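Have a look at start-v8.cif below; it lists mmCIF, N, CA and C atoms.
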```
data_upload
#
loop_
_atom_site.label_atom_id
_atom_site.label_comp_id
_atom_site.auth_asym_id
_atom_site.auth_seq_id
_atom_site.Cartn_x
_atom_site.Cartn_y
_atom_site.Cartn_z
N GLN A 1 4.88 -15.75 -11.37
CA GLN A 1 5.41 -15.38 -10.06
C GLN A 1 4.79 -14.05 -9.64
N VAL A 2 4.20 -14.02 -8.47
CA VAL A 2 3.58 -12.81 -7.94
C VAL A 2 4.27 -12.46 -6.63
N ARG A 3 4.58 -11.19 -6.48
CA ARG A 3 5.23 -10.74 -5.26
C ARG A 3 4.47 -9.56 -4.70
N LEU A 4 4.22 -9.59 -3.39
CA LEU A 4 3.58 -8.47 -2.70
C LEU A 4 4.63 -7.80 -1.83
N VAL A 5 4.78 -6.52 -2.00
CA VAL A 5 5.78 -5.77 -1.23
C VAL A 5 5.06 -4.80 -0.31
N GLU A 6 5.20 -5.01 0.99
CA GLU A 6 4.56 -4.16 1.97
C GLU A 6 5.55 -3.15 2.51
N SER A 7 5.04 -2.00 2.89
CA SER A 7 5.87 -0.97 3.51
C SER A 7 5.02 -0.09 4.40
N GLY A 8 5.68 0.68 5.24
CA GLY A 8 4.97 1.66 6.06
C GLY A 8 4.86 1.31 7.53
N GLY A 9 5.29 0.13 7.92
CA GLY A 9 5.22 -0.22 9.32
C GLY A 9 6.25 0.54 10.14
N GLY A 10 6.16 0.38 11.46
CA GLY A 10 7.13 1.04 12.33
C GLY A 10 6.62 1.17 13.74
N LEU A 11 7.31 2.02 14.49
CA LEU A 11 6.96 2.29 15.88
C LEU A 11 6.23 3.62 15.97
N VAL A 12 5.12 3.63 16.66
CA VAL A 12 4.33 4.86 16.81
C VAL A 12 3.75 4.90 18.21
N GLN A 13 3.55 6.10 18.72
CA GLN A 13 2.96 6.25 20.05
C GLN A 13 1.45 6.06 19.99
N PRO A 14 0.85 5.67 21.10
CA PRO A 14 -0.62 5.56 21.13
C PRO A 14 -1.27 6.87 20.68
N GLY A 15 -2.31 6.72 19.86
CA GLY A 15 -2.98 7.88 19.30
C GLY A 15 -2.40 8.35 17.98
N GLY A 16 -1.28 7.79 17.59
CA GLY A 16 -0.62 8.18 16.36
C GLY A 16 -1.20 7.48 15.13
N SER A 17 -0.56 7.74 13.98
CA SER A 17 -1.04 7.21 12.70
C SER A 17 0.10 6.59 11.92
N LEU A 18 -0.27 5.62 11.11
CA LEU A 18 0.64 5.01 10.14
C LEU A 18 -0.14 4.69 8.88
N ARG A 19 0.56 4.65 7.76
CA ARG A 19 -0.06 4.25 6.50
C ARG A 19 0.74 3.11 5.90
N LEU A 20 0.09 1.97 5.73
CA LEU A 20 0.71 0.81 5.12
C LEU A 20 0.39 0.77 3.63
N SER A 21 1.36 0.30 2.86
CA SER A 21 1.17 0.11 1.42
C SER A 21 1.51 -1.32 1.05
N CYS A 22 0.83 -1.82 0.03
CA CYS A 22 1.09 -3.17 -0.48
C CYS A 22 1.02 -3.12 -2.00
N ALA A 23 2.16 -3.30 -2.63
CA ALA A 23 2.22 -3.26 -4.09
C ALA A 23 2.40 -4.68 -4.63
N ALA A 24 1.55 -5.04 -5.57
CA ALA A 24 1.62 -6.36 -6.20
C ALA A 24 2.38 -6.27 -7.51
N ALA A 25 3.35 -7.15 -7.68
CA ALA A 25 4.15 -7.17 -8.90
C ALA A 25 4.20 -8.58 -9.45
N GLY A 26 4.34 -8.68 -10.77
CA GLY A 26 4.43 -9.98 -11.39
C GLY A 26 3.37 -10.17 -12.45
N THR A 27 3.16 -11.40 -12.80
CA THR A 27 2.19 -11.73 -13.84
C THR A 27 0.97 -12.39 -13.21
N PHE A 28 -0.17 -11.78 -13.35
CA PHE A 28 -1.39 -12.34 -12.77
C PHE A 28 -2.59 -11.72 -13.46
N PHE A 29 -3.72 -12.41 -13.31
CA PHE A 29 -4.96 -11.82 -13.78
C PHE A 29 -5.31 -10.65 -12.87
N SER A 30 -6.24 -9.87 -13.23
CA SER A 30 -6.61 -8.71 -12.43
C SER A 30 -6.99 -9.13 -11.01
N ILE A 31 -6.80 -8.22 -10.10
CA ILE A 31 -7.00 -8.51 -8.69
C ILE A 31 -8.47 -8.28 -8.32
N ASP A 32 -9.06 -9.25 -7.64
CA ASP A 32 -10.44 -9.09 -7.18
C ASP A 32 -10.45 -8.48 -5.78
N VAL A 33 -9.86 -9.14 -4.84
CA VAL A 33 -9.90 -8.69 -3.45
C VAL A 33 -8.50 -8.37 -2.96
N MET A 34 -8.38 -7.25 -2.26
CA MET A 34 -7.14 -6.90 -1.58
C MET A 34 -7.48 -6.75 -0.10
N GLY A 35 -6.61 -7.25 0.75
CA GLY A 35 -6.93 -7.21 2.17
C GLY A 35 -5.71 -7.10 3.05
N TRP A 36 -5.99 -6.73 4.28
CA TRP A 36 -4.96 -6.67 5.32
C TRP A 36 -5.37 -7.57 6.46
N TYR A 37 -4.42 -8.32 6.97
CA TYR A 37 -4.59 -9.18 8.12
C TYR A 37 -3.47 -8.85 9.11
N ARG A 38 -3.64 -9.26 10.34
CA ARG A 38 -2.58 -9.03 11.32
C ARG A 38 -2.48 -10.21 12.27
N GLN A 39 -1.28 -10.36 12.82
CA GLN A 39 -1.04 -11.43 13.78
C GLN A 39 -0.18 -10.89 14.91
N ALA A 40 -0.75 -10.90 16.11
CA ALA A 40 -0.02 -10.48 17.31
C ALA A 40 0.65 -11.70 17.92
N PRO A 41 1.69 -11.49 18.71
CA PRO A 41 2.40 -12.63 19.33
C PRO A 41 1.44 -13.51 20.13
N GLY A 42 1.50 -14.81 19.86
CA GLY A 42 0.68 -15.76 20.59
C GLY A 42 -0.77 -15.80 20.17
N LYS A 43 -1.12 -15.08 19.11
CA LYS A 43 -2.52 -15.04 18.67
C LYS A 43 -2.64 -15.53 17.23
N GLU A 44 -3.88 -15.86 16.86
CA GLU A 44 -4.16 -16.28 15.49
C GLU A 44 -4.13 -15.06 14.56
N ARG A 45 -3.84 -15.30 13.29
CA ARG A 45 -3.93 -14.24 12.30
C ARG A 45 -5.40 -13.86 12.14
N GLU A 46 -5.68 -12.56 12.08
CA GLU A 46 -7.07 -12.10 11.98
C GLU A 46 -7.23 -11.08 10.87
N LEU A 47 -8.45 -11.02 10.37
CA LEU A 47 -8.79 -10.06 9.34
C LEU A 47 -8.80 -8.65 9.91
N VAL A 48 -8.24 -7.71 9.17
CA VAL A 48 -8.33 -6.30 9.53
C VAL A 48 -9.33 -5.60 8.62
N ALA A 49 -9.10 -5.71 7.30
CA ALA A 49 -9.99 -5.05 6.34
C ALA A 49 -9.79 -5.66 4.97
N THR A 50 -10.85 -5.64 4.18
CA THR A 50 -10.76 -6.08 2.79
C THR A 50 -11.49 -5.10 1.90
N ILE A 51 -11.06 -5.05 0.64
CA ILE A 51 -11.71 -4.22 -0.36
C ILE A 51 -11.74 -4.99 -1.66
N THR A 52 -12.94 -5.08 -2.24
CA THR A 52 -13.08 -5.79 -3.50
C THR A 52 -12.95 -4.82 -4.66
N SER A 53 -13.04 -5.34 -5.86
CA SER A 53 -12.97 -4.50 -7.05
C SER A 53 -14.24 -3.69 -7.25
N GLY A 54 -15.28 -3.96 -6.42
CA GLY A 54 -16.61 -3.34 -6.55
C GLY A 54 -16.61 -1.83 -6.50
N PRO A 55 -16.10 -1.12 -5.48
CA PRO A 55 -15.46 -1.76 -4.32
C PRO A 55 -16.41 -1.95 -3.15
N ASN A 56 -16.40 -3.11 -2.60
CA ASN A 56 -17.06 -3.36 -1.33
C ASN A 56 -15.99 -3.46 -0.26
N ILE A 57 -16.26 -2.85 0.89
CA ILE A 57 -15.27 -2.76 1.95
C ILE A 57 -15.80 -3.40 3.21
N ASN A 58 -14.91 -4.10 3.89
CA ASN A 58 -15.26 -4.78 5.13
C ASN A 58 -14.17 -4.52 6.16
N TYR A 59 -14.57 -4.21 7.39
CA TYR A 59 -13.61 -3.96 8.47
C TYR A 59 -13.90 -4.87 9.66
N ALA A 60 -12.85 -5.22 10.37
CA ALA A 60 -13.04 -5.85 11.67
C ALA A 60 -13.64 -4.82 12.62
N ASP A 61 -14.48 -5.27 13.53
CA ASP A 61 -15.12 -4.35 14.47
C ASP A 61 -14.09 -3.55 15.26
N SER A 62 -12.97 -4.16 15.55
CA SER A 62 -11.97 -3.52 16.40
C SER A 62 -11.28 -2.33 15.74
N VAL A 63 -11.41 -2.19 14.42
CA VAL A 63 -10.73 -1.10 13.72
C VAL A 63 -11.69 -0.14 13.05
N LYS A 64 -12.97 -0.43 13.08
CA LYS A 64 -13.96 0.44 12.44
C LYS A 64 -13.88 1.85 13.01
N GLY A 65 -13.89 2.84 12.11
CA GLY A 65 -13.82 4.23 12.53
C GLY A 65 -12.41 4.73 12.73
N ARG A 66 -11.43 3.83 12.74
CA ARG A 66 -10.04 4.24 12.94
C ARG A 66 -9.17 3.94 11.72
N PHE A 67 -9.44 2.83 11.05
CA PHE A 67 -8.65 2.41 9.89
C PHE A 67 -9.46 2.62 8.61
N THR A 68 -8.74 2.92 7.53
CA THR A 68 -9.37 3.07 6.22
C THR A 68 -8.55 2.31 5.19
N ILE A 69 -9.21 1.40 4.49
CA ILE A 69 -8.56 0.66 3.41
C ILE A 69 -8.93 1.30 2.08
N SER A 70 -7.97 1.32 1.16
CA SER A 70 -8.22 1.84 -0.18
C SER A 70 -7.31 1.10 -1.16
N ARG A 71 -7.56 1.32 -2.44
CA ARG A 71 -6.74 0.66 -3.46
C ARG A 71 -6.60 1.55 -4.67
N ASP A 72 -5.48 1.39 -5.36
CA ASP A 72 -5.23 2.06 -6.63
C ASP A 72 -5.06 0.95 -7.66
N ASN A 73 -6.08 0.71 -8.45
CA ASN A 73 -6.06 -0.42 -9.39
C ASN A 73 -4.99 -0.23 -10.46
N ALA A 74 -4.73 0.99 -10.86
CA ALA A 74 -3.72 1.23 -11.89
C ALA A 74 -2.33 0.84 -11.41
N LYS A 75 -2.11 0.92 -10.09
CA LYS A 75 -0.81 0.59 -9.52
C LYS A 75 -0.81 -0.77 -8.84
N ASN A 76 -1.95 -1.47 -8.87
CA ASN A 76 -2.06 -2.77 -8.16
C ASN A 76 -1.58 -2.63 -6.72
N THR A 77 -2.04 -1.58 -6.08
CA THR A 77 -1.57 -1.26 -4.73
C THR A 77 -2.74 -1.06 -3.78
N ALA A 78 -2.60 -1.60 -2.58
CA ALA A 78 -3.58 -1.39 -1.52
C ALA A 78 -2.93 -0.57 -0.41
N TYR A 79 -3.78 0.18 0.27
CA TYR A 79 -3.30 1.02 1.37
C TYR A 79 -4.15 0.75 2.61
N LEU A 80 -3.53 0.97 3.76
CA LEU A 80 -4.27 0.90 5.01
C LEU A 80 -3.85 2.11 5.84
N GLN A 81 -4.75 3.08 5.95
CA GLN A 81 -4.51 4.24 6.79
C GLN A 81 -4.98 3.91 8.19
N MET A 82 -4.07 3.98 9.14
CA MET A 82 -4.39 3.61 10.52
C MET A 82 -4.25 4.84 11.40
N ASN A 83 -5.35 5.27 11.99
CA ASN A 83 -5.38 6.42 12.88
C ASN A 83 -5.76 5.98 14.29
N SER A 84 -5.52 6.86 15.24
CA SER A 84 -5.87 6.59 16.64
C SER A 84 -5.38 5.22 17.07
N LEU A 85 -4.13 4.94 16.78
CA LEU A 85 -3.59 3.62 17.06
C LEU A 85 -3.52 3.34 18.55
N LYS A 86 -3.75 2.08 18.90
CA LYS A 86 -3.75 1.63 20.29
C LYS A 86 -2.67 0.55 20.47
N PRO A 87 -2.20 0.35 21.68
CA PRO A 87 -1.22 -0.71 21.91
C PRO A 87 -1.70 -2.07 21.41
N GLU A 88 -3.00 -2.34 21.50
CA GLU A 88 -3.51 -3.63 21.04
C GLU A 88 -3.51 -3.78 19.53
N ASP A 89 -3.16 -2.72 18.81
CA ASP A 89 -3.00 -2.83 17.35
C ASP A 89 -1.61 -3.36 16.99
N THR A 90 -0.74 -3.51 17.98
CA THR A 90 0.59 -4.02 17.73
C THR A 90 0.53 -5.44 17.16
N ALA A 91 1.17 -5.64 16.01
CA ALA A 91 1.12 -6.93 15.34
C ALA A 91 1.97 -6.85 14.07
N VAL A 92 2.17 -8.00 13.46
CA VAL A 92 2.70 -8.04 12.10
C VAL A 92 1.50 -7.96 11.16
N TYR A 93 1.54 -7.02 10.26
CA TYR A 93 0.44 -6.81 9.31
C TYR A 93 0.81 -7.43 7.96
N TYR A 94 -0.11 -8.24 7.44
CA TYR A 94 0.11 -8.94 6.19
C TYR A 94 -0.90 -8.47 5.13
N CYS A 95 -0.40 -8.30 3.95
CA CYS A 95 -1.26 -8.00 2.80
C CYS A 95 -1.62 -9.31 2.10
N GLN A 96 -2.84 -9.38 1.61
CA GLN A 96 -3.27 -10.55 0.84
C GLN A 96 -4.04 -10.08 -0.38
N ILE A 97 -3.83 -10.75 -1.50
CA ILE A 97 -4.66 -10.48 -2.67
C ILE A 97 -5.27 -11.78 -3.17
N THR A 98 -6.45 -11.66 -3.77
CA THR A 98 -7.10 -12.78 -4.45
C THR A 98 -7.36 -12.31 -5.87
N THR A 99 -6.81 -13.05 -6.84
CA THR A 99 -7.00 -12.64 -8.22
C THR A 99 -8.35 -13.13 -8.73
N ARG A 100 -8.73 -12.65 -9.90
CA ARG A 100 -10.00 -13.09 -10.49
C ARG A 100 -9.97 -14.58 -10.83
N ALA A 101 -8.74 -15.11 -10.99
CA ALA A 101 -8.60 -16.56 -11.21
C ALA A 101 -8.60 -17.33 -9.90
N LYS A 102 -8.84 -16.62 -8.78
CA LYS A 102 -8.98 -17.20 -7.44
C LYS A 102 -7.66 -17.69 -6.85
N TYR A 103 -6.55 -17.18 -7.34
CA TYR A 103 -5.27 -17.47 -6.68
C TYR A 103 -5.10 -16.47 -5.53
N VAL A 104 -4.53 -16.96 -4.43
CA VAL A 104 -4.33 -16.14 -3.23
C VAL A 104 -2.85 -15.98 -2.98
N TYR A 105 -2.43 -14.75 -2.72
CA TYR A 105 -1.02 -14.46 -2.45
C TYR A 105 -0.92 -13.63 -1.17
N TRP A 106 0.19 -13.87 -0.45
CA TRP A 106 0.45 -13.15 0.79
C TRP A 106 1.75 -12.37 0.70
N GLY A 107 1.80 -11.24 1.39
CA GLY A 107 3.03 -10.50 1.54
C GLY A 107 3.86 -11.07 2.68
N GLN A 108 5.04 -10.50 2.86
CA GLN A 108 5.97 -11.02 3.86
C GLN A 108 5.67 -10.47 5.26
N GLY A 109 4.85 -9.45 5.33
CA GLY A 109 4.48 -8.87 6.62
C GLY A 109 5.33 -7.66 6.98
N THR A 110 4.70 -6.74 7.69
CA THR A 110 5.40 -5.55 8.18
C THR A 110 4.99 -5.32 9.64
N GLN A 111 5.97 -5.04 10.48
CA GLN A 111 5.72 -4.90 11.90
C GLN A 111 5.16 -3.52 12.22
N VAL A 112 4.08 -3.50 12.99
CA VAL A 112 3.53 -2.27 13.54
C VAL A 112 3.57 -2.39 15.06
N THR A 113 4.23 -1.45 15.71
CA THR A 113 4.34 -1.43 17.16
C THR A 113 3.81 -0.12 17.70
N VAL A 114 2.83 -0.21 18.59
CA VAL A 114 2.23 0.98 19.19
C VAL A 114 2.62 0.99 20.67
N SER A 115 3.47 1.92 21.02
CA SER A 115 4.00 1.95 22.37
C SER A 115 4.51 3.33 22.71
N SER A 116 4.39 3.69 23.99
CA SER A 116 4.94 4.97 24.43
C SER A 116 6.35 4.78 24.98
#
```
In structure tokens, how does this file's structure come out?
Amino acid sequence: QVRLVESGGGLVQPGGSLRLSCAAAGTFFSIDVMGWYRQAPGKERELVATITSGPNINYADSVKGRFTISRDNAKNTAYLQMNSLKPEDTAVYYCQITTRAKYVYWGQGTQVTVSS
């Protein structure tokens, strides 16, 4: 059983910052990829950023230069530092991990709302 616990979402004004955390707990092989996705109302879920064990990092064009993904392997935790937030960043943010055994797990999601 693997559980991903996300935290750090909330309401922030445009131009503000938030830091999301995703902690993986349970029994699993080591984590290969950790990532963040988001889904806005009426839209498809989309990739925000991923980080491999390499680490190789990938960002969606819409967040490049504003968001930073990182991971702490000792804590099985991923982070997403979000700066210069815009109203269009409003969405439910989901954490995803892929283990070395290629199992994929999702978190329950955390709401991020950017509004004045």
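What the PyMOL selection byres ((chain A and resi 3-5) around 7) grabs from this file is Gln1, Val2, Glu6, Ser7, Ser21, Cys22, Ala23, Ala24, Ala25, Gly26, Thr27, Tyr105, Trp106, Gly107 and Gln108 of chain A.
Taking atom N of A:Lys86 and atom N of A:Gly9 as endpoints, the distance between them is 14.4 Å.
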Quick one: apply the PyMOL selection byres ((chain A and resi 90-104) around 6) to the file and drop the selected residues here as a PyMOL selection string.
-> chain A and resi 29-41+86-89+105-114
What do you get, as JSON, numbers by chain, if you spell out every residue that the PyMOL selection byres ((chain A and resi 79) around 5) selects here?
-> {"A": [20, 21, 69, 70, 71, 77, 78, 80, 81]}
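Reported to one decimal place, the separation of atom C of A:Met82 from atom C of A:Arg19 is 7.6 Å.
Of the listed residues (A:Ser17, A:Val12, A:Lys43, A:Ser53), A:Ser17 comes nearest to A:Phe67; the distances count only C-alpha atoms.
With distances restricted to only C-alpha atoms, A:Ser84 is the closest residue to A:Gln13 from A:Thr52, A:Ala74, A:Ser84, A:Ala60.
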In chain A, DSSP strand (DSSP E or B) residues written as a ChimeraX atom specification | /A:2-7,10-12,18-26,31-39,46-52,57-59,67-72,77-82,91-99,104-106,110-114
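Relative to atom C of A:Arg66, atom N of A:Gly54 is found at 20.7 Å.
Secondary structure of chain A, helix (DSSP H, G or I) only (DSSP, backbone atoms): Asp61, Ser62, Val63, Asn73, Ala74, Lys75, Pro87, Glu88 and Asp89 of chain A.
The residue that comes closest to A:Ser115, out of A:Gly42, A:Gly65, A:Pro55, A:Gly10 and on the basis of only N, CA and C atoms, is A:Gly10.
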Could you work out an axis-aligned bounding box for all listed atoms of stretch 56-68 of chain A, with 3 Å added on each of the six sides, and give its centre and edge lengths in Å to one decimal, as AutoDock Vina command-line options?
```
--center_x -12.8 --center_y -0.6 --center_z 6.9 --size_x 14.5 --size_y 16.6 --size_z 25.0
```
